[in-house]
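As structure tokens, the structure follows; a few thoughts come after it.
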Amino acid sequence: MSSARDDLVQQARDVLSALGFDKTRSNERSALTLLSLLGLRPGASWADASRDLYGVTPLMNWMAEHLGKRYAPNSRETVRRQTLHQFVDAALVVLNPDDPSRPVNSGKNVYQIDERAFALLRRFGTPLRKKNLPAYLDQRPGQQAAYAAARDRAMIPVTLPMVPR
């Protein structure tokens, strides 16, 4: 592994942490997935990021070709369920922006970095990112906060009768 690749992967992990992803969701696989979605190769600047549509298999192929990480074909579900699903939940990534009516179990599903997230990510490493991050997080609080909010909404208040002593 090259140091340029390792540095870029660490930067992506730092970005995911800054965006509110927990340690499990800011692992190497998640960092590689983010870099692939942005089309960022070692040596590239975050300002060079792109915002293309990718299916899971093309993402995995991109990781292998440009980032030197080969996943077995049966890892496709792991990338989808344990990384892309969380990215969608946190509004970092949009599922099927080209056809929102596409069934969730379609083999033609594609993913794309959200517009607001893309604008922020292109500023990684600049003073503007630090300035814009709080505003972004106010609008999109991140994966941990989204899951906590869902848990809180699911709670039903219960009042128990007083039992005499």
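Going by the structure tokens order, chains are called A, B, ..., each with residues numbered from 1, while ligands are numbered from 1 in the order shown.
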* Asked: If you run DSSP on the backbone, which residues of chain A are strand (DSSP E or B), as a list in words?
  -> Tyr54, Val93, Val94, Leu95, Tyr111, Gln112 and Ile113 of chain A
* **Residues near Gln11 in chain A, cut-off 9 Å, only C-alpha atoms, skip fewer than 5 positions along chain, as a PyMOL selection string** => chain A and resi 6+16+31+124
* **One-decimal distance in Å that lies between CA of Ser75 in chain A and CA of Met63 in chain A** =>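 The value is 12.7 Å.
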* Point out the residue among A:Thr57, A:Asn27, A:Asn96, A:Ser2 with the least atom-to-atom distance to Glu77 in chain A, counting only C-alpha atoms. =>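 Nearest candidate to Glu77 in chain A out of A:Thr57, A:Asn27, A:Asn96, A:Ser2: A:Thr57.
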Enumerate, in order of chain and increasing residue number, the residues of range 2-63 of chain A with an atom no farther than 9 Å from range 119-123 of chain A, each with its shortest atom pair and distance in Å to one decimal, counting only C-alpha atoms, as a tab-separated table.
residue	atom	partner	partner_atom	distance
A:Val15	CA	A:Leu121	CA	8.0
A:Leu38	CA	A:Leu121	CA	9.0
A:Ser45	CA	A:Arg122	CA	8.3
A:Trp46	CA	A:Arg122	CA	4.9
A:Ala47	CA	A:Arg122	CA	4.4
A:Asp48	CA	A:Arg122	CA	7.2
A:Ala49	CA	A:Arg122	CA	6.2
A:Ser50	CA	A:Arg122	CA	8.9
* Counting only C-alpha atoms, which of A:Ala18, A:Leu67, A:Leu40, A:Val56 gets nearest to Ser106 in chain A? ->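 Counting only C-alpha atoms, the residue closest to Ser106 in chain A is A:Val56.
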* To do: Give the helix (DSSP H, G or I) residues of range 9-78 of chain A, as assigned by DSSP on the backbone, as a ChimeraX atom specification.
  => /A:9-18,24-26,28-38,46-48,56-67,73-78
* To do: Write out as number ranges by chain which residues come within 12 Å of Thr78 in chain A when counting only C-alpha atoms, dropping same-chain ones fewer than 6 positions away.
  => A: 29-30, 33, 56-57, 60, 71-72, 84-86
Take the selection from the previous step and output its residues with N, CA and C atoms, as a PDB file, in the first residue's frame.
ATOM      1  N   ARG A  29     -13.498   0.164   5.004  1.00  0.00           N
ATOM      2  CA  ARG A  29     -14.467  -0.104   3.931  1.00  0.00           C
ATOM      3  C   ARG A  29     -15.323   1.129   3.657  1.00  0.00           C
ATOM      4  N   SER A  30     -15.761   1.789   4.711  1.00  0.00           N
ATOM      5  CA  SER A  30     -16.579   2.990   4.537  1.00  0.00           C
ATOM      6  C   SER A  30     -15.765   4.110   3.897  1.00  0.00           C
ATOM      7  N   THR A  33     -15.344   3.330   0.275  1.00  0.00           N
ATOM      8  CA  THR A  33     -16.613   3.543  -0.425  1.00  0.00           C
ATOM      9  C   THR A  33     -16.831   5.027  -0.683  1.00  0.00           C
ATOM     10  N   VAL A  56     -23.301  -0.929  -6.662  1.00  0.00           N
ATOM     11  CA  VAL A  56     -22.369  -1.521  -5.699  1.00  0.00           C
ATOM     12  C   VAL A  56     -21.191  -2.203  -6.402  1.00  0.00           C
ATOM     13  N   THR A  57     -21.466  -3.016  -7.403  1.00  0.00           N
ATOM     14  CA  THR A  57     -20.378  -3.725  -8.092  1.00  0.00           C
ATOM     15  C   THR A  57     -19.421  -2.742  -8.780  1.00  0.00           C
ATOM     16  N   MET A  60     -17.158  -1.336  -6.127  1.00  0.00           N
ATOM     17  CA  MET A  60     -16.141  -2.300  -5.711  1.00  0.00           C
ATOM     18  C   MET A  60     -15.048  -2.433  -6.776  1.00  0.00           C
ATOM     19  N   TYR A  71     -12.326  -6.647  -3.034  1.00  0.00           N
ATOM     20  CA  TYR A  71     -13.279  -7.371  -2.200  1.00  0.00           C
ATOM     21  C   TYR A  71     -13.809  -8.547  -3.011  1.00  0.00           C
ATOM     22  N   ALA A  72     -14.071  -9.638  -2.335  1.00  0.00           N
ATOM     23  CA  ALA A  72     -14.668 -10.793  -2.995  1.00  0.00           C
ATOM     24  C   ALA A  72     -16.070 -10.415  -3.476  1.00  0.00           C
ATOM     25  N   LEU A  84     -23.280   1.532   2.553  1.00  0.00           N
ATOM     26  CA  LEU A  84     -24.141   2.408   1.763  1.00  0.00           C
ATOM     27  C   LEU A  84     -25.485   2.669   2.439  1.00  0.00           C
ATOM     28  N   HIS A  85     -26.040   1.676   3.077  1.00  0.00           N
ATOM     29  CA  HIS A  85     -27.321   1.862   3.767  1.00  0.00           C
ATOM     30  C   HIS A  85     -27.191   2.953   4.833  1.00  0.00           C
ATOM     31  N   GLN A  86     -26.093   2.929   5.605  1.00  0.00           N
ATOM     32  CA  GLN A  86     -25.885   3.947   6.630  1.00  0.00           C
ATOM     33  C   GLN A  86     -25.622   5.316   6.014  1.00  0.00           C
TER      34      GLN A  86
END
* What is the CA of Pro100 in chain A to CA of Phe87 in chain A distance in Å? ->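 Atom-to-atom, CA of Pro100 in chain A and CA of Phe87 in chain A are spaced 16.4 Å apart.
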